[in-house]
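Coordinates as given in entry.txt (compact mmCIF, C-alpha atoms):
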# COMPACT_ATOMS: atom_id res chain seq x y z
CA MET A 1 -37.56 8.36 -57.24
CA LYS A 2 -34.28 10.13 -56.54
CA LEU A 3 -32.11 11.53 -59.29
CA LEU A 4 -29.25 9.28 -58.19
CA THR A 5 -31.43 6.28 -58.97
CA HIS A 6 -32.45 7.85 -62.25
CA ASN A 7 -28.80 8.36 -63.15
CA MET A 8 -28.04 4.71 -62.46
CA MET A 9 -31.06 3.31 -64.24
CA ARG A 10 -31.22 2.09 -67.80
CA SER A 11 -33.97 0.56 -69.86
CA HIS A 12 -33.97 -3.25 -69.80
CA CYS A 13 -36.27 -3.85 -72.77
CA LYS A 14 -35.14 -6.61 -75.10
CA GLY A 15 -32.75 -5.49 -77.85
CA VAL A 16 -31.85 -2.21 -76.20
CA VAL A 17 -28.14 -1.39 -76.56
CA ASN A 18 -27.58 1.53 -74.19
CA GLY A 19 -30.98 2.36 -72.82
CA PHE A 20 -29.60 5.45 -71.16
CA PRO A 21 -30.57 8.07 -70.13
CA LEU A 22 -34.27 7.43 -69.61
CA LYS A 23 -36.25 10.49 -70.57
CA LEU A 24 -38.08 11.95 -67.60
CA SER A 25 -41.25 13.95 -67.53
CA SER A 26 -42.55 14.89 -64.12
CA SER A 27 -45.76 16.40 -62.81
CA GLN A 28 -44.89 16.45 -59.11
CA VAL A 29 -41.51 16.87 -57.45
CA ASP A 30 -40.85 16.84 -53.70
CA VAL A 31 -37.86 17.51 -51.48
CA LYS A 32 -37.06 15.21 -48.57
CA GLU A 33 -34.17 15.92 -46.27
CA ILE A 34 -31.43 13.34 -45.98
CA GLU A 35 -28.26 13.43 -43.91
CA PHE A 36 -25.32 14.86 -45.81
CA ASN A 37 -22.31 12.60 -46.32
CA PRO A 38 -19.48 14.17 -48.37
CA ASP A 39 -17.55 10.86 -48.62
CA PHE A 40 -20.45 9.15 -50.31
CA ILE A 41 -21.01 11.95 -52.81
CA ASN A 42 -17.32 12.03 -53.75
CA ARG A 43 -17.31 8.28 -54.08
CA MET A 44 -20.30 8.26 -56.40
CA LEU A 45 -18.98 11.00 -58.71
CA SER A 46 -16.94 8.62 -60.84
CA ARG A 47 -20.01 6.43 -61.42
CA LEU A 48 -22.34 9.23 -62.46
CA GLU A 49 -23.13 10.21 -65.99
CA TRP A 50 -22.53 13.86 -65.24
CA PRO A 51 -24.03 15.50 -68.40
CA ALA A 52 -27.24 13.48 -67.95
CA LEU A 53 -27.49 14.58 -64.32
CA VAL A 54 -26.98 18.25 -65.15
CA GLN A 55 -29.55 18.03 -67.93
CA ILE A 56 -32.20 16.40 -65.69
CA ALA A 57 -31.48 18.81 -62.82
CA ASN A 58 -31.92 21.79 -65.16
CA GLN A 59 -35.12 20.27 -66.50
CA LEU A 60 -36.53 20.01 -62.98
CA GLY A 61 -35.30 23.50 -62.12
CA VAL A 62 -32.92 22.42 -59.38
CA GLY A 63 -29.73 22.59 -61.42
CA GLU A 64 -28.69 26.07 -60.33
CA GLY A 65 -25.13 26.15 -59.04
CA LEU A 66 -24.33 22.68 -60.32
CA PRO A 67 -20.91 22.65 -62.05
CA GLU A 68 -21.13 22.01 -65.80
CA MET A 69 -18.17 19.67 -65.85
CA LEU A 70 -16.59 17.24 -63.43
CA PRO A 71 -12.99 18.06 -62.42
CA GLU A 72 -10.27 15.71 -63.69
CA GLU A 73 -9.74 13.94 -60.40
CA GLN A 74 -13.51 13.45 -60.04
CA LYS A 75 -13.53 14.98 -56.60
CA PHE A 76 -14.83 18.16 -55.05
CA GLU A 77 -13.29 19.81 -52.01
CA ASP A 78 -15.73 22.68 -51.77
CA GLU A 79 -18.47 21.77 -49.27
CA ASP A 80 -21.07 24.06 -50.85
CA VAL A 81 -20.73 22.32 -54.21
CA LEU A 82 -20.92 18.92 -52.52
CA LYS A 83 -24.04 19.97 -50.60
CA LYS A 84 -25.59 21.12 -53.85
CA ILE A 85 -24.84 17.77 -55.51
CA HIS A 86 -26.14 15.95 -52.43
CA HIS A 87 -29.37 17.92 -52.68
CA VAL A 88 -29.82 17.12 -56.37
CA LEU A 89 -28.88 13.45 -56.05
CA LEU A 90 -30.62 12.40 -52.85
CA GLU A 91 -33.11 14.98 -51.67
CA VAL A 92 -35.05 15.81 -54.82
CA GLU A 93 -37.77 13.20 -55.32
CA VAL A 94 -39.87 12.72 -58.43
CA VAL A 95 -43.27 11.69 -57.05
CA GLU A 96 -45.45 11.60 -60.14
CA GLY A 97 -44.29 11.39 -63.72
CA GLU A 98 -43.09 9.14 -66.46
CA LEU A 99 -39.87 7.57 -67.72
CA GLU A 100 -39.32 6.82 -71.37
CA CYS A 101 -36.87 4.40 -72.94
CA PRO A 102 -34.72 6.43 -75.38
CA GLU A 103 -34.53 3.59 -77.91
CA THR A 104 -37.89 1.82 -77.94
CA GLY A 105 -40.03 4.65 -76.62
CA ARG A 106 -41.53 2.32 -74.01
CA LYS A 107 -43.05 4.37 -71.18
CA PHE A 108 -42.69 3.55 -67.50
CA PRO A 109 -45.06 5.43 -65.20
CA ILE A 110 -43.92 6.81 -61.84
CA SER A 111 -46.57 6.98 -59.15
CA LYS A 112 -46.17 7.78 -55.45
CA GLY A 113 -42.44 7.97 -56.09
CA ILE A 114 -42.18 4.39 -57.37
CA PRO A 115 -41.23 3.86 -61.02
CA ASP A 116 -42.99 0.86 -62.52
CA MET A 117 -40.33 -0.94 -64.56
CA ARG A 118 -42.31 -4.13 -65.18
CA LEU A 119 -42.30 -5.30 -68.78
CA ASN A 120 -44.89 -7.19 -70.75
CA GLU A 121 -44.19 -10.57 -72.28
CA GLU A 122 -41.86 -10.43 -75.28
CA GLU A 123 -40.35 -7.10 -74.26
CA MET B 1 -43.11 -25.96 -43.83
CA SER B 2 -45.47 -23.83 -45.83
CA ARG B 3 -44.14 -22.53 -49.10
CA PRO B 4 -45.71 -19.24 -50.18
CA GLU B 5 -44.27 -19.62 -53.67
CA HIS B 6 -46.61 -22.60 -54.18
CA ILE B 7 -49.63 -20.49 -53.34
CA GLY B 8 -49.28 -17.92 -56.09
CA PRO B 9 -47.04 -15.43 -57.87
CA PRO B 10 -45.25 -12.97 -55.55
CA GLU B 11 -47.04 -9.87 -56.84
CA LEU B 12 -50.36 -11.46 -55.84
CA PHE B 13 -49.18 -13.23 -52.69
CA TYR B 14 -47.76 -10.08 -51.12
CA ASN B 15 -51.06 -8.22 -51.26
CA ASP B 16 -52.17 -5.46 -48.91
CA SER B 17 -53.04 -7.79 -46.04
CA GLU B 18 -49.79 -9.77 -46.33
CA ALA B 19 -47.81 -6.54 -46.58
CA VAL B 20 -49.35 -5.23 -43.35
CA LYS B 21 -47.87 -8.25 -41.55
CA TYR B 22 -44.42 -6.99 -42.42
CA THR B 23 -45.02 -3.82 -40.45
CA ASN B 24 -46.99 -5.24 -37.52
CA ASN B 25 -45.82 -8.79 -36.89
CA THR B 26 -42.82 -8.49 -34.58
CA ARG B 27 -41.73 -12.06 -35.22
CA ILE B 28 -41.52 -11.56 -38.99
CA ILE B 29 -39.72 -8.26 -38.45
CA GLU B 30 -37.24 -9.84 -36.07
CA ILE B 31 -36.41 -12.72 -38.43
CA GLN B 32 -36.07 -10.39 -41.42
CA MET B 33 -33.84 -8.01 -39.49
CA SER B 34 -31.54 -10.74 -38.22
CA MET B 35 -31.21 -12.28 -41.67
CA SER B 36 -30.43 -8.95 -43.28
CA ALA B 37 -27.93 -8.15 -40.54
CA ARG B 38 -26.16 -11.42 -41.28
CA ALA B 39 -26.29 -10.76 -45.02
CA ILE B 40 -24.73 -7.33 -44.54
CA GLU B 41 -22.05 -8.94 -42.38
CA LEU B 42 -21.34 -11.45 -45.15
CA LEU B 43 -21.06 -8.61 -47.67
CA ASN B 44 -17.95 -7.55 -45.78
CA LEU B 45 -18.04 -3.95 -46.99
CA PRO B 46 -15.20 -1.63 -46.01
CA GLU B 47 -16.31 0.17 -42.86
CA ASP B 48 -14.78 3.55 -43.48
CA GLN B 49 -16.42 4.27 -46.82
CA PRO B 50 -20.14 4.50 -47.54
CA SER B 51 -21.22 2.10 -50.28
CA PHE B 52 -24.08 1.91 -52.74
CA ILE B 53 -26.11 -1.29 -52.34
CA LEU B 54 -28.87 -2.93 -54.36
CA ASP B 55 -31.54 -4.71 -52.32
CA VAL B 56 -33.18 -7.32 -54.54
CA GLY B 57 -36.70 -7.98 -53.32
CA CYS B 58 -36.58 -5.19 -50.76
CA GLY B 59 -40.25 -5.50 -49.83
CA SER B 60 -41.22 -2.98 -47.19
CA GLY B 61 -37.62 -1.91 -46.74
CA LEU B 62 -36.87 -3.85 -43.55
CA SER B 63 -33.52 -5.06 -44.81
CA GLY B 64 -32.82 -1.60 -46.16
CA GLU B 65 -33.04 -0.15 -42.66
CA GLY B 66 -30.14 -2.38 -41.68
CA ILE B 67 -28.14 -1.03 -44.61
CA THR B 68 -28.90 2.56 -43.63
CA GLU B 69 -27.88 1.82 -40.03
CA ALA B 70 -24.57 0.46 -41.28
CA GLY B 71 -24.01 3.84 -42.98
CA HIS B 72 -24.55 2.78 -46.57
CA TYR B 73 -26.98 3.87 -49.24
CA TRP B 74 -29.36 1.57 -51.09
CA VAL B 75 -31.85 1.15 -53.90
CA GLY B 76 -34.47 -1.57 -53.73
CA MET B 77 -36.35 -3.59 -56.33
CA ASP B 78 -39.52 -5.53 -55.66
CA ILE B 79 -42.44 -6.90 -57.63
CA SER B 80 -45.14 -6.29 -55.04
CA PRO B 81 -46.74 -2.81 -55.24
CA SER B 82 -48.34 -3.22 -51.79
CA MET B 83 -45.00 -3.89 -50.12
CA LEU B 84 -43.35 -0.96 -51.89
CA GLU B 85 -46.14 1.41 -50.86
CA ILE B 86 -45.39 0.49 -47.26
CA ALA B 87 -41.71 1.14 -47.87
CA VAL B 88 -42.58 4.62 -49.13
CA GLU B 89 -44.96 5.24 -46.22
CA ARG B 90 -42.28 4.27 -43.73
CA GLU B 91 -40.05 6.90 -45.35
CA THR B 92 -37.05 4.66 -45.75
CA ASP B 93 -33.89 6.41 -46.83
CA GLY B 94 -33.46 4.21 -49.87
CA ASP B 95 -35.21 4.48 -53.18
CA VAL B 96 -37.49 1.73 -54.47
CA ILE B 97 -38.53 0.65 -57.95
CA LEU B 98 -41.24 -1.78 -59.02
CA SER B 99 -39.67 -4.43 -61.20
CA ASP B 100 -39.66 -8.16 -61.87
CA ILE B 101 -36.16 -9.49 -61.27
CA GLY B 102 -36.76 -12.27 -63.82
CA GLU B 103 -36.90 -9.53 -66.44
CA GLY B 104 -33.46 -8.32 -65.49
CA VAL B 105 -31.96 -5.52 -63.47
CA PRO B 106 -32.57 -2.09 -65.02
CA PHE B 107 -29.30 -0.49 -63.89
CA ARG B 108 -26.19 0.69 -65.69
CA ALA B 109 -22.94 -1.24 -65.59
CA GLY B 110 -20.82 -0.84 -62.49
CA SER B 111 -23.45 0.88 -60.36
CA PHE B 112 -23.35 -1.12 -57.14
CA ASP B 113 -20.71 -2.01 -54.56
CA GLY B 114 -22.80 -4.87 -53.25
CA VAL B 115 -26.10 -6.68 -53.52
CA ILE B 116 -28.23 -8.25 -50.82
CA SER B 117 -31.43 -10.20 -51.13
CA ILE B 118 -33.49 -11.86 -48.42
CA SER B 119 -35.75 -14.84 -49.20
CA VAL B 120 -36.25 -14.03 -52.86
CA LEU B 121 -34.40 -16.34 -55.23
CA GLN B 122 -36.64 -19.35 -54.61
CA TRP B 123 -39.50 -17.38 -56.16
CA LEU B 124 -37.58 -17.29 -59.44
CA CYS B 125 -37.58 -21.07 -59.63
CA ASN B 126 -41.34 -21.10 -60.17
CA ALA B 127 -43.09 -20.58 -63.47
CA ASP B 128 -46.16 -18.52 -62.64
CA LYS B 129 -47.06 -17.67 -66.21
CA VAL B 130 -46.99 -19.73 -69.38
CA SER B 131 -44.23 -17.51 -70.72
CA HIS B 132 -42.07 -18.02 -67.63
CA ASN B 133 -39.05 -20.23 -67.92
CA PRO B 134 -37.08 -20.45 -64.64
CA PHE B 135 -33.80 -21.18 -66.46
CA LYS B 136 -34.08 -18.16 -68.71
CA ARG B 137 -35.34 -15.88 -65.96
CA LEU B 138 -32.49 -16.84 -63.61
CA LYS B 139 -30.00 -16.37 -66.45
CA ARG B 140 -31.34 -12.95 -67.41
CA PHE B 141 -31.34 -11.87 -63.76
CA PHE B 142 -27.80 -13.01 -63.04
CA THR B 143 -26.30 -11.65 -66.29
CA MET B 144 -27.75 -8.20 -65.78
CA LEU B 145 -26.92 -8.27 -62.08
CA TYR B 146 -23.32 -9.16 -62.86
CA SER B 147 -22.94 -6.21 -65.18
CA SER B 148 -24.63 -3.79 -62.79
CA MET B 149 -22.10 -4.60 -60.08
CA ARG B 150 -18.63 -3.14 -59.71
CA SER B 151 -15.77 -5.52 -60.28
CA GLY B 152 -14.90 -7.23 -57.01
CA GLY B 153 -18.33 -6.60 -55.53
CA ARG B 154 -20.15 -9.18 -53.49
CA ALA B 155 -23.72 -10.37 -53.69
CA VAL B 156 -25.33 -12.20 -50.76
CA PHE B 157 -28.62 -13.99 -51.23
CA GLN B 158 -30.50 -15.63 -48.40
CA VAL B 159 -32.47 -18.48 -49.97
CA TYR B 160 -35.02 -21.04 -48.89
CA PRO B 161 -34.40 -23.70 -51.52
CA GLU B 162 -37.11 -26.31 -51.80
CA SER B 163 -34.70 -29.09 -52.70
CA PRO B 164 -30.98 -29.56 -53.29
CA LYS B 165 -31.84 -29.63 -57.00
CA GLN B 166 -33.28 -26.14 -56.83
CA MET B 167 -30.16 -24.86 -55.11
CA GLU B 168 -28.09 -26.51 -57.81
CA LEU B 169 -30.14 -24.76 -60.49
CA ILE B 170 -29.58 -21.37 -58.86
CA THR B 171 -25.83 -21.79 -58.29
CA GLU B 172 -25.31 -23.24 -61.76
CA GLN B 173 -27.01 -20.29 -63.45
CA ALA B 174 -25.02 -17.87 -61.29
CA THR B 175 -21.66 -19.44 -62.10
CA ARG B 176 -22.54 -19.55 -65.79
CA CYS B 177 -23.03 -15.80 -65.69
CA GLY B 178 -19.51 -15.32 -64.36
CA PHE B 179 -20.02 -15.26 -60.61
CA THR B 180 -17.70 -17.15 -58.31
CA GLY B 181 -18.31 -18.04 -54.71
CA GLY B 182 -20.53 -20.58 -53.03
CA VAL B 183 -22.99 -21.48 -50.36
CA VAL B 184 -22.64 -20.60 -46.68
CA VAL B 185 -24.89 -22.49 -44.29
CA ASP B 186 -25.57 -21.16 -40.80
CA PHE B 187 -26.59 -23.65 -38.09
CA PRO B 188 -26.72 -26.67 -40.44
CA ASN B 189 -27.82 -29.03 -37.68
CA SER B 190 -30.92 -27.12 -36.70
CA THR B 191 -34.14 -27.28 -38.70
CA LYS B 192 -35.40 -23.92 -37.53
CA ALA B 193 -32.27 -21.83 -37.27
CA LYS B 194 -30.71 -23.22 -40.45
CA LYS B 195 -30.17 -20.44 -42.95
CA ILE B 196 -28.66 -20.77 -46.40
CA PHE B 197 -26.74 -17.87 -47.92
CA LEU B 198 -25.45 -17.81 -51.47
CA CYS B 199 -22.31 -15.66 -51.47
CA LEU B 200 -21.26 -14.57 -54.94
CA PHE B 201 -18.29 -12.53 -56.09
CA ALA B 202 -18.46 -10.49 -59.28
CA GLY B 203 -15.08 -10.47 -61.00
CA THR B 204 -11.92 -10.56 -58.94
CA PRO B 205 -12.73 -9.95 -55.30
CA VAL B 206 -10.64 -7.38 -53.47
CA GLY B 207 -8.77 -8.65 -50.45
CA ASN B 208 -10.32 -11.57 -48.66
CA TYR B 209 -11.22 -14.13 -51.31
CA GLN B 210 -12.11 -16.88 -48.85
CA LEU B 211 -15.73 -17.88 -48.61
CA PRO B 212 -16.95 -16.91 -45.12
CA GLN B 213 -17.61 -19.60 -42.55
CA GLY B 214 -21.18 -20.47 -41.61
CA LEU B 215 -22.30 -20.01 -38.03
CA GLY B 216 -22.91 -22.92 -35.66
CA ASN B 217 -20.66 -25.29 -37.59
CA GLU B 218 -18.64 -26.49 -34.60
CA ASN B 219 -19.18 -30.25 -34.73
CA GLU B 220 -18.19 -31.10 -31.16
CA ASN B 221 -21.25 -33.21 -30.56
CA THR B 222 -21.11 -35.20 -33.76
CA ILE B 223 -19.25 -38.44 -34.41
CA GLN B 224 -16.06 -37.98 -36.32
CA TYR B 225 -16.02 -39.59 -39.71
CA SER B 226 -13.88 -42.73 -39.88
CA ASN B 227 -12.61 -44.31 -43.05
CA ASP B 228 -11.26 -47.53 -41.47
CA ARG B 229 -13.60 -49.64 -43.48
CA PHE B 230 -12.60 -48.30 -46.83
CA THR B 231 -8.82 -48.77 -46.77
CA GLY B 232 -9.08 -52.09 -48.65
CA LYS B 233 -6.88 -53.93 -46.15
CA LYS B 234 -8.35 -57.04 -44.56
CA ARG B 235 -8.17 -56.99 -40.83
CA LYS B 236 -6.99 -60.26 -39.28
CA ARG B 237 -9.60 -62.11 -37.27
CA ASN B 238 -9.06 -62.48 -33.53
CA GLY B 239 -5.67 -60.91 -33.50
CA ASP B 240 -2.75 -62.75 -35.10
CA VAL B 241 -3.58 -66.44 -34.85
CA SER B 242 -2.75 -69.13 -37.33
CA ARG B 243 -5.30 -71.50 -38.75
CA LYS B 244 -4.05 -74.33 -36.60
CA GLU B 245 -4.19 -72.29 -33.42
CA TRP B 246 -7.68 -71.17 -34.25
CA ILE B 247 -8.92 -74.75 -34.72
CA GLN B 248 -7.26 -75.94 -31.53
CA ASN B 249 -8.73 -73.02 -29.70
CA LYS B 250 -12.18 -73.82 -31.00
CA LYS B 251 -11.85 -77.51 -30.06
CA GLN B 252 -10.75 -76.51 -26.56
CA LYS B 253 -13.83 -74.32 -26.19
CA MET B 254 -16.09 -77.17 -27.31
CA ARG B 255 -14.42 -79.58 -24.92
CA ALA B 256 -14.97 -77.11 -22.08
CA LYS B 257 -18.64 -77.13 -22.97
CA GLY B 258 -18.64 -80.94 -22.62
CA LYS B 259 -19.12 -81.64 -26.30
CA ASP B 260 -17.76 -84.74 -28.00
CA VAL B 261 -14.57 -83.53 -29.72
CA THR B 262 -12.03 -85.65 -31.59
CA ALA B 263 -8.67 -85.82 -29.93
CA ASP B 264 -5.82 -83.68 -31.23
CA SER B 265 -3.29 -85.52 -33.36
CA LYS B 266 -0.44 -84.71 -35.72
CA TYR B 267 -3.06 -84.47 -38.49
CA THR B 268 -5.14 -81.79 -36.79
CA ALA B 269 -5.51 -78.69 -38.99
CA ARG B 270 -3.02 -79.99 -41.46
CA LYS B 271 -3.53 -78.99 -45.10
CA ARG B 272 -4.57 -81.79 -47.38
CA LYS B 273 -2.58 -82.45 -50.48
CA PRO B 274 -4.19 -81.29 -53.75
CA LYS B 275 -4.67 -84.92 -54.73
CA PHE B 276 -6.78 -86.67 -52.18

Please express what this file holds, its structure, as structure tokens.
Amino acid sequence: MKLLTHNMMRSHCKGVVNGFPLKLSSSQVDVKEIEFNPDFINRMLSRLEWPALVQIANQLGVGEGLPEMLPEEQKFEDEDVLKKIHHVLLEVEVVEGELECPETGRKFPISKGIPDMRLNEEE
Amino acid sequence: MSRPEHIGPPELFYNDSEAVKYTNNTRIIEIQMSMSARAIELLNLPEDQPSFILDVGCGSGLSGEGITEAGHYWVGMDISPSMLEIAVERETDGDVILSDIGEGVPFRAGSFDGVISISVLQWLCNADKVSHNPFKRLKRFFTMLYSSMRSGGRAVFQVYPESPKQMELITEQATRCGFTGGVVVDFPNSTKAKKIFLCLFAGTPVGNYQLPQGLGNENENTIQYSNDRFTGKKRKRNGDVSRKEWIQNKKQKMRAKGKDVTADSKYTARKRKPKF
């Protein structure tokens, strides 16, 4: 699971108001190279929950060099910063671990890079 | 036509052996690729900017490859673990999550520019468990999908509806959740090539609001519809002839046949008085 996906995901348990951000605990993290596209990164910036991304990146130890705050215009010109964000968003993969709903505490396991978001009946 | 959704729930039907077909069977791959290419075309995404797409029921990521080729980024959802494992093995560029779409879409509001889905929605119309209610599951799916899309985004679903009623159920639930749009049918006159796409708009669509045209709809070989019969006007029999002319004509014909016909007189074809 990429961090971009994690940033977009929310818990869909019944009765959850925000369900974001899902707490992440990981036991295995990989890096997979993906082509860099500055337009896409700049486009996605306005949709990201920046503080949550920085927090998760720091937790996984890949947050070095990531700006603390988004600029006003939600755009970066500096290619190095964009490359850094690209790396964090798309190349870092959580292979094994667990997601946890912040409100209900429901746990969703991640195995082989696939988070299992299936719910039980009445959830 | 065989209907896999009658055989069993999707997470059991798409087991390891079925999933292998989606990597080895060239026919399946070809059909899937052409349908996803058409779906991406119907999405009508701006070409110059890379978009973020949700692939509902991504399976082994065949449709996702089309999205990547078009220069966009995607996230896929599917309920079959076997299919998703293949997607991961094939190292698709998109990310996949294991989730039942009837339980909703676990994404934040305004995440996606567009949504595509190939041959999935008909599965939602089945109740595979006692707790399943197709109405509620469709409603939950469409409501959460609507909120996860950006305003003006498009969602294209390729569907194999079992009956017109099923299609009605799907479109009704979608419109109730705020979607606009409609059905696009490609090659409606062919049994095999016929493909049904549900094109939905979330919120106010940007630019071209018109529903796209289906392919193969040129009806050159079909009979044009005529509404002559329904105008309510009575056509006159045999051109414009009076009653008297018609009777004389008829008598003449009978005479020509050698039948015994009374001679014409001043009383022929004259109206009788009401009192006789």

Interface list for chain A, partner chain B, 9 Å threshold, only C-alpha atoms, as a ChimeraX atom specification: /A:1-2,5,7-13,18-20,34,37,39-40,43-44,47-48,112-119,121-123

Please, could you write that set of residues out with C-alpha atoms as a PDB file, in the coordinates of the input?
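The file below, again06.pdb, is the result:
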ATOM      1  CA  MET A   1     -37.560   8.360 -57.240  1.00  0.00           C
ATOM      2  CA  LYS A   2     -34.280  10.130 -56.540  1.00  0.00           C
ATOM      3  CA  THR A   5     -31.430   6.280 -58.970  1.00  0.00           C
ATOM      4  CA  ASN A   7     -28.800   8.360 -63.150  1.00  0.00           C
ATOM      5  CA  MET A   8     -28.040   4.710 -62.460  1.00  0.00           C
ATOM      6  CA  MET A   9     -31.060   3.310 -64.240  1.00  0.00           C
ATOM      7  CA  ARG A  10     -31.220   2.090 -67.800  1.00  0.00           C
ATOM      8  CA  SER A  11     -33.970   0.560 -69.860  1.00  0.00           C
ATOM      9  CA  HIS A  12     -33.970  -3.250 -69.800  1.00  0.00           C
ATOM     10  CA  CYS A  13     -36.270  -3.850 -72.770  1.00  0.00           C
ATOM     11  CA  ASN A  18     -27.580   1.530 -74.190  1.00  0.00           C
ATOM     12  CA  GLY A  19     -30.980   2.360 -72.820  1.00  0.00           C
ATOM     13  CA  PHE A  20     -29.600   5.450 -71.160  1.00  0.00           C
ATOM     14  CA  ILE A  34     -31.430  13.340 -45.980  1.00  0.00           C
ATOM     15  CA  ASN A  37     -22.310  12.600 -46.320  1.00  0.00           C
ATOM     16  CA  ASP A  39     -17.550  10.860 -48.620  1.00  0.00           C
ATOM     17  CA  PHE A  40     -20.450   9.150 -50.310  1.00  0.00           C
ATOM     18  CA  ARG A  43     -17.310   8.280 -54.080  1.00  0.00           C
ATOM     19  CA  MET A  44     -20.300   8.260 -56.400  1.00  0.00           C
ATOM     20  CA  ARG A  47     -20.010   6.430 -61.420  1.00  0.00           C
ATOM     21  CA  LEU A  48     -22.340   9.230 -62.460  1.00  0.00           C
ATOM     22  CA  LYS A 112     -46.170   7.780 -55.450  1.00  0.00           C
ATOM     23  CA  GLY A 113     -42.440   7.970 -56.090  1.00  0.00           C
ATOM     24  CA  ILE A 114     -42.180   4.390 -57.370  1.00  0.00           C
ATOM     25  CA  PRO A 115     -41.230   3.860 -61.020  1.00  0.00           C
ATOM     26  CA  ASP A 116     -42.990   0.860 -62.520  1.00  0.00           C
ATOM     27  CA  MET A 117     -40.330  -0.940 -64.560  1.00  0.00           C
ATOM     28  CA  ARG A 118     -42.310  -4.130 -65.180  1.00  0.00           C
ATOM     29  CA  LEU A 119     -42.300  -5.300 -68.780  1.00  0.00           C
ATOM     30  CA  GLU A 121     -44.190 -10.570 -72.280  1.00  0.00           C
ATOM     31  CA  GLU A 122     -41.860 -10.430 -75.280  1.00  0.00           C
ATOM     32  CA  GLU A 123     -40.350  -7.100 -74.260  1.00  0.00           C
TER      33      GLU A 123
END

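For A:Glu77, the non-local neighbours within 10 Å, defined as residues at least 5 positions apart in the same chain or in other chains and counting only C-alpha atoms, are Pro38, Asn42 and Leu82 of chain A.
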
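By all atoms listed in the file, and with residues fewer than 5 positions from B:Ile196 along its chain excluded, the set lying at most 6 Å from it is Gln158, Val159 and Val185 of chain B.
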
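Here atom CA of B:Ile118 stands at a distance of 29.3 Å from atom CA of A:Glu98.
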
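Going from atom CA of A:Ser111 to atom CA of A:Glu96 covers 4.9 Å.
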
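A straight line drawn from atom CA of A:Lys14 to atom CA of B:Leu145 is 15.5 Å long.
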
Listed atoms of stretch 90-107 of chain A boxed axis-aligned with 5 Å per side, centre + edges as lines of an AutoDock Vina configuration file:
center_x = -38.0
center_y = 8.8
center_z = -64.8
size_x = 24.8
size_y = 24.0
size_z = 36.3

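For the residues B:Lys21, B:Arg140, B:Lys266, B:Arg154, ranking by smallest atom-to-atom distance to B:Leu198 using all atoms listed in the file places B:Arg154 first.
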
Who sits within 12 Å of A:Lys84, all atoms listed in the file, same chain under 6 positions skipped, as an MDAnalysis selection string: chainID A and resid 36:38 41 54 57 62:67 76 78 90:92

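If you count only C-alpha atoms and ignore residues fewer than 2 places along the chain from A:Pro51, what sits within 8 Å of it is Glu49, Leu53, Val54, Gln55, Glu68 and Met69 of chain A.
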